[in-house]
>>> print(open('query-v7.cif').read())   # mmCIF, C-alpha atoms
data_structure
#
loop_
_atom_site.label_atom_id
_atom_site.label_comp_id
_atom_site.auth_asym_id
_atom_site.auth_seq_id
_atom_site.Cartn_x
_atom_site.Cartn_y
_atom_site.Cartn_z
CA MET A 16 0.00 0.00 0.00
CA LEU A 17 1.36 3.40 -1.01
CA ALA A 18 2.07 5.53 2.07
CA LEU A 19 0.93 9.16 2.11
CA PRO A 20 4.06 11.36 1.91
CA GLU A 21 4.77 13.40 5.03
CA PHE A 22 4.81 16.59 2.97
CA LEU A 23 1.13 16.12 2.15
CA HIS A 24 0.31 15.60 5.83
CA LEU A 25 2.08 18.83 6.67
CA ALA A 26 1.32 21.19 3.78
CA GLY A 27 -2.15 19.78 3.13
CA HIS A 28 -3.56 21.39 6.27
CA PRO A 29 -5.71 24.32 5.01
CA LEU A 30 -4.21 26.94 7.31
CA ARG A 31 -0.64 25.82 6.76
CA TRP A 32 -1.21 25.87 3.01
CA ARG A 33 -2.51 29.44 3.25
CA LEU A 34 0.52 30.46 5.31
CA LEU A 35 2.85 28.93 2.74
CA GLY A 36 0.97 30.78 0.00
CA GLU A 37 1.35 34.14 1.73
CA LEU A 38 5.04 33.57 2.44
CA ALA A 39 5.60 32.54 -1.18
CA ARG A 40 4.70 36.13 -2.09
CA SER A 41 6.66 38.00 0.57
CA ASP A 42 8.44 37.60 3.90
CA ARG A 43 6.01 38.47 6.69
CA LEU A 44 5.75 39.29 10.39
CA VAL A 45 3.41 37.15 12.50
CA ASN A 46 0.94 39.99 13.00
CA GLU A 47 0.78 40.48 9.23
CA LEU A 48 0.06 36.79 8.71
CA THR A 49 -2.71 36.79 11.29
CA GLY A 50 -4.43 39.62 9.42
CA LEU A 51 -3.99 37.96 6.04
CA VAL A 52 -5.39 34.58 7.08
CA GLY A 53 -7.92 35.90 9.60
CA GLU A 54 -6.86 33.61 12.45
CA PRO A 55 -5.64 34.35 16.02
CA GLN A 56 -1.92 34.72 16.68
CA ASN A 57 -1.61 31.65 18.90
CA LEU A 58 -3.02 29.42 16.16
CA VAL A 59 -0.88 31.01 13.45
CA SER A 60 2.22 30.70 15.63
CA TYR A 61 1.51 27.04 16.29
CA HIS A 62 1.27 26.19 12.60
CA LEU A 63 4.31 28.31 11.77
CA GLY A 64 6.16 26.24 14.36
CA ARG A 65 5.14 23.06 12.56
CA LEU A 66 6.40 24.50 9.28
CA ARG A 67 9.66 25.58 10.93
CA ASP A 68 10.20 22.11 12.39
CA ALA A 69 9.92 20.72 8.84
CA ARG A 70 12.35 23.39 7.58
CA LEU A 71 9.79 24.73 5.12
CA VAL A 72 9.99 28.17 6.70
CA SER A 73 12.54 29.97 8.83
CA ALA A 74 12.42 33.02 11.10
CA ARG A 75 14.88 35.88 11.58
CA ARG A 76 14.79 38.79 13.99
CA SER A 77 13.96 42.08 12.31
CA SER A 78 16.88 44.49 12.06
CA ALA A 79 14.35 47.33 12.41
CA ASP A 80 12.71 46.03 15.62
CA ARG A 81 14.34 43.12 17.41
CA ARG A 82 11.05 42.26 19.10
CA ASP A 83 9.65 41.18 15.73
CA ALA A 84 10.63 38.28 13.48
CA TYR A 85 10.24 37.87 9.76
CA TYR A 86 9.18 34.48 8.41
CA THR A 87 10.62 33.27 5.11
CA ILE A 88 9.63 30.27 3.00
CA ASP A 89 12.28 27.97 1.54
CA LEU A 90 10.83 27.71 -1.96
CA ALA A 91 13.63 25.48 -3.19
CA ARG A 92 12.96 22.91 -0.44
CA VAL A 93 9.20 23.10 -1.01
CA GLY A 94 9.80 22.51 -4.72
CA ASP A 95 12.00 19.50 -4.02
CA LEU A 96 9.39 18.00 -1.69
CA LEU A 97 6.57 18.63 -4.17
CA SER A 98 8.59 16.90 -6.86
CA ALA A 99 9.39 13.96 -4.60
CA THR A 100 5.71 13.70 -3.63
CA GLY A 101 4.66 13.53 -7.28
CA GLY A 102 7.40 11.04 -8.02
CA ALA A 103 6.22 8.81 -5.21
CA LEU A 104 2.94 8.40 -7.08
CA HIS A 105 4.50 8.07 -10.54
CA PRO A 106 7.96 8.94 -11.95
CA GLY A 107 6.33 10.97 -14.69
CA LEU A 108 4.91 13.36 -12.10
CA ARG A 109 8.25 14.72 -10.92
CA LEU A 110 8.29 18.48 -11.38
CA ALA A 111 10.76 20.24 -13.62
CA PRO A 112 12.42 23.32 -12.07
CA PRO A 113 11.22 26.66 -13.41
CA THR A 114 13.12 28.38 -16.19
CA ARG A 115 15.23 31.04 -14.53
CA THR A 116 16.96 32.72 -17.43
CA SER A 117 14.25 34.76 -19.10
CA VAL A 118 10.85 36.35 -18.73
CA GLY A 119 8.27 35.54 -21.38
CA ALA A 120 6.16 38.05 -23.23
CA GLY A 121 6.78 41.71 -22.53
CA THR A 122 9.01 43.21 -19.86
CA ALA A 123 8.73 43.89 -16.15
CA THR A 124 10.11 46.80 -14.14
CA VAL A 125 11.43 46.02 -10.66
CA LEU A 126 12.95 48.29 -8.02
CA PHE A 127 15.14 46.79 -5.28
CA LEU A 128 15.62 48.80 -2.09
CA CYS A 129 17.92 48.61 0.92
CA THR A 130 19.25 51.24 3.30
CA GLY A 131 22.67 51.97 1.79
CA ASN A 132 22.20 50.74 -1.79
CA SER A 133 25.76 49.56 -1.36
CA ALA A 134 25.42 45.76 -1.57
CA ARG A 135 22.15 43.79 -1.41
CA SER A 136 20.02 45.92 -3.71
CA GLN A 137 22.85 46.48 -6.19
CA MET A 138 23.51 42.75 -6.40
CA ALA A 139 19.80 42.04 -6.82
CA GLU A 140 19.51 44.60 -9.62
CA ALA A 141 22.44 43.09 -11.48
CA LEU A 142 21.23 39.51 -11.03
CA ALA A 143 17.70 40.32 -12.21
CA ARG A 144 19.01 42.02 -15.33
CA ALA A 145 21.46 39.23 -16.13
CA ARG A 146 19.23 36.24 -15.32
CA SER A 147 16.29 37.65 -17.29
CA GLY A 148 18.39 38.29 -20.37
CA GLY A 149 17.46 41.97 -20.14
CA ALA A 150 13.70 41.34 -20.12
CA VAL A 151 13.48 42.69 -16.58
CA GLU A 152 14.22 46.39 -16.23
CA ALA A 153 15.77 46.30 -12.78
CA TYR A 154 16.85 49.27 -10.68
CA SER A 155 18.03 49.80 -7.12
CA ALA A 156 18.18 52.59 -4.56
CA GLY A 157 18.58 53.26 -0.85
CA SER A 158 17.13 55.44 1.89
CA ARG A 159 20.64 56.49 3.00
CA PRO A 160 22.99 55.76 0.09
CA LYS A 161 26.66 55.05 0.66
CA PRO A 162 29.45 53.89 -1.66
CA LEU A 163 29.26 50.48 -3.29
CA HIS A 164 30.91 47.90 -1.04
CA PRO A 165 34.04 46.33 -2.59
CA ASN A 166 32.88 42.85 -1.60
CA ALA A 167 29.67 43.33 -3.57
CA VAL A 168 31.77 44.02 -6.66
CA ARG A 169 34.12 41.14 -5.89
CA VAL A 170 31.52 38.46 -5.19
CA MET A 171 29.45 39.31 -8.24
CA ARG A 172 32.53 39.16 -10.46
CA GLU A 173 34.03 36.00 -8.97
CA GLU A 174 30.89 33.98 -8.24
CA HIS A 175 28.40 35.18 -10.87
CA GLY A 176 30.45 36.68 -13.69
CA ILE A 177 28.75 40.08 -13.41
CA ASP A 178 30.65 43.38 -13.40
CA LEU A 179 29.35 45.94 -10.88
CA SER A 180 32.25 48.36 -11.27
CA GLY A 181 30.13 50.88 -13.19
CA TYR A 182 27.24 50.86 -10.73
CA ALA A 183 26.56 53.85 -8.45
CA SER A 184 24.45 54.24 -5.31
CA LYS A 185 21.23 56.27 -5.60
CA HIS A 186 18.64 57.69 -3.23
CA LEU A 187 15.14 56.25 -3.54
CA ASP A 188 13.84 59.77 -4.23
CA VAL A 189 15.36 59.43 -7.71
CA PHE A 190 12.53 57.02 -8.55
CA ALA A 191 9.73 58.78 -6.65
CA ARG A 192 7.70 59.41 -9.84
CA ARG A 193 8.66 56.23 -11.66
CA ARG A 194 6.16 53.42 -12.19
CA PHE A 195 7.22 49.87 -11.36
CA ASP A 196 5.55 46.48 -11.53
CA CYS A 197 7.26 45.37 -8.30
CA VAL A 198 9.07 47.17 -5.48
CA ILE A 199 11.12 44.75 -3.41
CA SER A 200 12.64 45.79 -0.07
CA LEU A 201 15.64 43.75 1.03
CA CYS A 202 16.23 45.51 4.34
CA ASP A 203 13.87 45.58 7.32
CA ARG A 204 14.74 49.20 8.04
CA VAL A 205 14.06 50.48 4.54
CA ARG A 206 10.71 48.69 4.54
CA GLU A 207 9.67 50.96 7.42
CA VAL A 208 10.38 54.13 5.41
CA CYS A 209 9.50 52.97 1.89
CA PRO A 210 7.30 55.59 0.19
CA GLU A 211 4.33 54.85 -2.03
CA PHE A 212 5.14 54.72 -5.72
CA PRO A 213 2.80 55.69 -8.58
CA GLY A 214 0.55 53.03 -10.02
CA ARG A 215 0.36 50.88 -6.88
CA PRO A 216 3.12 48.39 -7.71
CA GLU A 217 3.22 45.03 -5.97
CA THR A 218 5.29 45.41 -2.80
CA ILE A 219 7.40 42.47 -1.70
CA HIS A 220 9.76 42.11 1.24
CA TRP A 221 12.82 39.86 1.41
CA SER A 222 14.31 40.05 4.90
CA ILE A 223 18.01 39.62 4.11
CA PRO A 224 20.70 40.55 6.66
CA ASP A 225 23.35 43.13 5.82
CA PRO A 226 26.40 41.01 4.90
CA ALA A 227 28.79 43.70 6.16
CA ALA A 228 27.16 44.10 9.58
CA GLY A 229 29.31 43.20 12.58
CA GLN A 230 32.36 42.25 10.53
CA PRO A 231 35.78 43.70 11.41
CA ASN A 232 37.01 43.99 7.81
CA ASP A 233 36.25 43.13 4.19
CA ASP A 234 38.04 39.78 4.28
CA ALA A 235 35.98 38.65 7.26
CA SER A 236 32.71 39.67 5.63
CA TYR A 237 33.35 38.05 2.24
CA PRO A 238 31.70 34.69 3.14
CA ALA A 239 28.56 36.59 4.20
CA PHE A 240 28.55 38.39 0.84
CA ARG A 241 28.80 35.05 -0.95
CA GLN A 242 25.85 33.72 1.04
CA THR A 243 23.81 36.86 0.36
CA ALA A 244 24.50 36.71 -3.37
CA ALA A 245 23.52 33.02 -3.46
CA GLU A 246 20.26 33.73 -1.60
CA LEU A 247 19.45 36.60 -3.94
CA ASP A 248 20.16 34.44 -6.97
CA THR A 249 17.74 31.78 -5.70
CA ARG A 250 15.02 34.28 -4.84
CA ILE A 251 15.37 36.07 -8.16
CA GLY A 252 15.04 32.76 -9.99
CA PHE A 253 11.64 32.27 -8.38
CA LEU A 254 10.75 35.93 -9.00
CA LEU A 255 11.43 35.50 -12.71
CA ALA A 256 9.20 32.43 -12.78
CA ALA A 257 6.39 34.45 -11.15
CA LEU A 258 6.86 37.35 -13.57
CA ASP A 259 6.84 34.95 -16.49
CA ASP A 260 3.56 33.47 -15.24
CA ARG A 261 1.98 36.94 -15.14
CA ALA A 262 3.17 37.99 -18.59
CA PRO A 263 0.38 38.29 -21.20
CA ALA A 264 0.20 35.61 -23.85
CA PRO A 265 1.88 36.59 -27.14
#
>>> encode(input="query-v7.cif", output="structure tokens")
Amino acid sequence: MLALPEFLHLAGHPLRWRLLGELARSDRLVNELTGLVGEPQNLVSYHLGRLRDARLVSARRSSADRRDAYYTIDLARVGDLLSATGGALHPGLRLAPPTRTSVGAGTATVLFLCTGNSARSQMAEALARARSGGAVEAYSAGSRPKPLHPNAVRVMREEHGIDLSGYASKHLDVFARRRFDCVISLCDRVREVCPEFPGRPETIHWSIPDPAAGQPNDDASYPAFRQTAAELDTRIGFLLAALDDRAPAP
């Protein structure tokens, strides 16, 4: 008799499935999730705990308010488990990973924000442009711009073959009148001060730590920059798949 995969037991619960769906769109605080799913905090926290135990989601203290925690879904792990679940029923049901190199019909405009516009948002901009083959018009800015971090340039060149040497930091006011399809905040602090942009773009939050924070020098922080670039590359791959899904048919 074919056993029911554990993933179906876990993710098949209606509330847990809704929580996964909300986190697939954006990182969220617990109080935001309670409002989105319309359930009390103790119940939401319980089911988030179940998802954390299964390593489908993780939590990280907000850099803006240490009393809060942002929850993040591990889409790559969810995808692997979904594929394994289908394969358990029949090998032909294993899922193929999404195409992560281009966006289909039309283009999309995306703005990435962090406080300094010196690392995370610049790397995200470059990755989105490169991985989409130019179909995504990506930009980046910060609430308090500072010079581009040398490790951002180094890690993008050495690990991803992308040259950031010509990039410059910009204040988010530069784009105050620009219309975007998506505005993605990468820093908990900048999310708190993010202005409204024309046209009501989709707002998404990725709670990603500052790779330079707490490090004594550039050499010490380089591994954190590598990890940040890898996380951004994974997230942008899923972003491109979502943008491709929304693109109008040719």
>>> closest_residue(input="query-v7.cif", among="A:Ser78, A:Thr130, A:Asn232, A:Ser222", to="Leu187 of chain A", atoms="all atoms listed in the file")
A:Thr130
>>> closest_atom_pairs(input="query-v7.cif", of="segment 133-172 of chain A", to="segment 223-229 of chain A", cutoff="12 Å", atoms="only C-alpha atoms", output="JSON lines")
{"residue": "A:Ser133", "atom": "CA", "partner": "A:Asp225", "partner_atom": "CA", "distance": 9.9}
{"residue": "A:Ala134", "atom": "CA", "partner": "A:Pro226", "partner_atom": "CA", "distance": 8.1}
{"residue": "A:Arg135", "atom": "CA", "partner": "A:Asp225", "partner_atom": "CA", "distance": 7.4}
{"residue": "A:Ser136", "atom": "CA", "partner": "A:Ile223", "partner_atom": "CA", "distance": 10.2}
{"residue": "A:Met138", "atom": "CA", "partner": "A:Pro226", "partner_atom": "CA", "distance": 11.8}
{"residue": "A:Ala139", "atom": "CA", "partner": "A:Ile223", "partner_atom": "CA", "distance": 11.3}
{"residue": "A:Leu163", "atom": "CA", "partner": "A:Ala227", "partner_atom": "CA", "distance": 11.6}
{"residue": "A:His164", "atom": "CA", "partner": "A:Ala227", "partner_atom": "CA", "distance": 8.6}
{"residue": "A:Pro165", "atom": "CA", "partner": "A:Ala227", "partner_atom": "CA", "distance": 10.5}
{"residue": "A:Asn166", "atom": "CA", "partner": "A:Ala227", "partner_atom": "CA", "distance": 8.8}
{"residue": "A:Ala167", "atom": "CA", "partner": "A:Pro226", "partner_atom": "CA", "distance": 9.4}
{"residue": "A:Val170", "atom": "CA", "partner": "A:Pro226", "partner_atom": "CA", "distance": 11.6}
>>> resolve_selection(input="query-v7.cif", expression="the PyMOL selection byres ((chain A and resi 212) around 7)", output="JSON, numbers by chain")
{"A": [191, 192, 194, 210, 211, 213, 214, 215, 216]}
>>> closest_residue(input="query-v7.cif", among="A:Asp42, A:Glu246, A:Glu140, A:Glu37", to="Ile219 of chain A", atoms="only C-alpha atoms")
A:Asp42
>>> residues_around(input="query-v7.cif", residues="segment 19-31 of chain A", least_positions_apart="2", cutoff="9 Å", atoms="all atoms listed in the file", output="PDB file with C-alpha atoms, in the frame of the given file")
ATOM      1  CA  LEU A  17       1.360   3.400  -1.010  1.00  0.00           C
ATOM      2  CA  ARG A  33      -2.510  29.440   3.250  1.00  0.00           C
ATOM      3  CA  LEU A  34       0.520  30.460   5.310  1.00  0.00           C
ATOM      4  CA  LEU A  35       2.850  28.930   2.740  1.00  0.00           C
ATOM      5  CA  GLY A  36       0.970  30.780   0.000  1.00  0.00           C
ATOM      6  CA  VAL A  52      -5.390  34.580   7.080  1.00  0.00           C
ATOM      7  CA  GLU A  54      -6.860  33.610  12.450  1.00  0.00           C
ATOM      8  CA  VAL A  59      -0.880  31.010  13.450  1.00  0.00           C
ATOM      9  CA  HIS A  62       1.270  26.190  12.600  1.00  0.00           C
ATOM     10  CA  LEU A  63       4.310  28.310  11.770  1.00  0.00           C
ATOM     11  CA  ARG A  65       5.140  23.060  12.560  1.00  0.00           C
ATOM     12  CA  LEU A  66       6.400  24.500   9.280  1.00  0.00           C
ATOM     13  CA  ALA A  69       9.920  20.720   8.840  1.00  0.00           C
ATOM     14  CA  VAL A  93       9.200  23.100  -1.010  1.00  0.00           C
ATOM     15  CA  LEU A  96       9.390  18.000  -1.690  1.00  0.00           C
ATOM     16  CA  LEU A  97       6.570  18.630  -4.170  1.00  0.00           C
ATOM     17  CA  ALA A  99       9.390  13.960  -4.600  1.00  0.00           C
ATOM     18  CA  THR A 100       5.710  13.700  -3.630  1.00  0.00           C
ATOM     19  CA  ALA A 103       6.220   8.810  -5.210  1.00  0.00           C
TER      20      ALA A 103
END
>>> closest_residue(input="query-v7.cif", among="A:Ser180, A:Ser77, A:Thr122, A:Asn57", to="His220 of chain A", atoms="all atoms listed in the file")
A:Ser77
>>> atom_distance(input="query-v7.cif", atom1="atom CA of Lys161 of chain A", atom2="atom CA of Gln137 of chain A")
11.6 Å
>>> closest_residue(input="query-v7.cif", among="A:Val168, A:Leu51, A:Ala18, A:Leu104", to="Phe240 of chain A", atoms="only C-alpha atoms")
A:Val168
>>> closest_residue(input="query-v7.cif", among="A:Ala141, A:Ala91, A:Val189, A:Ala153", to="Gly176 of chain A", atoms="all atoms listed in the file")
A:Ala141
>>> resolve_selection(input="query-v7.cif", expression="the PyMOL selection byres ((chain A and resi 79) around 10)", output="list of chain:residue names")
A:Arg76, A:Ser77, A:Ser78, A:Asp80, A:Arg81, A:Arg82, A:Asp83, A:Ala84, A:Cys202, A:Asp203, A:Arg204, A:Val205, A:Arg206, A:Glu207
>>> atom_distance(input="query-v7.cif", atom1="atom CA of Gly131 of chain A", atom2="atom CA of His186 of chain A")
8.6 Å
>>> closest_residue(input="query-v7.cif", among="A:Met171, A:Ala111, A:Leu71, A:Leu128", to="Ala245 of chain A", atoms="only C-alpha atoms")
A:Met171
>>> axis_aligned_box(input="query-v7.cif", around="segment 39-57 of chain A", padding_each_side="6 Å", output="AutoDock Vina command-line options")
--center_x 0.3 --center_y 36.1 --center_z 8.4 --size_x 28.4 --size_y 20.8 --size_z 33.0
>>> build_atoms(input="query-v7.cif", residues="segment 131-143 of chain A", atoms="N, CA and C atoms", output="short mmCIF file (atom, residue, chain, number, x, y, z; two decimals), keeping the file's coordinate frame")
data_model
loop_
_atom_site.label_atom_id
_atom_site.label_comp_id
_atom_site.auth_asym_id
_atom_site.auth_seq_id
_atom_site.Cartn_x
_atom_site.Cartn_y
_atom_site.Cartn_z
N GLY A 131 21.51 51.29 2.36
CA GLY A 131 22.67 51.97 1.79
C GLY A 131 22.80 51.88 0.29
N ASN A 132 22.04 50.97 -0.35
CA ASN A 132 22.20 50.74 -1.79
C ASN A 132 23.66 50.47 -2.13
N SER A 133 24.34 49.80 -1.19
CA SER A 133 25.76 49.56 -1.36
C SER A 133 26.10 48.09 -1.60
N ALA A 134 25.12 47.19 -1.41
CA ALA A 134 25.42 45.76 -1.57
C ALA A 134 24.18 44.98 -2.03
N ARG A 135 23.25 44.69 -1.10
CA ARG A 135 22.15 43.79 -1.41
C ARG A 135 21.33 44.23 -2.62
N SER A 136 20.89 45.47 -2.62
CA SER A 136 20.02 45.92 -3.71
C SER A 136 20.78 46.04 -5.03
N GLN A 137 22.06 46.41 -4.97
CA GLN A 137 22.85 46.48 -6.19
C GLN A 137 23.06 45.09 -6.78
N MET A 138 23.34 44.11 -5.92
CA MET A 138 23.51 42.75 -6.40
C MET A 138 22.21 42.20 -6.98
N ALA A 139 21.10 42.51 -6.32
CA ALA A 139 19.80 42.04 -6.82
C ALA A 139 19.48 42.65 -8.18
N GLU A 140 19.74 43.94 -8.33
CA GLU A 140 19.51 44.60 -9.62
C GLU A 140 20.30 43.91 -10.72
N ALA A 141 21.59 43.69 -10.47
CA ALA A 141 22.44 43.09 -11.48
C ALA A 141 22.02 41.66 -11.82
N LEU A 142 21.66 40.89 -10.80
CA LEU A 142 21.23 39.51 -11.03
C LEU A 142 19.93 39.45 -11.82
N ALA A 143 18.98 40.32 -11.50
CA ALA A 143 17.70 40.32 -12.21
C ALA A 143 17.90 40.68 -13.68
#
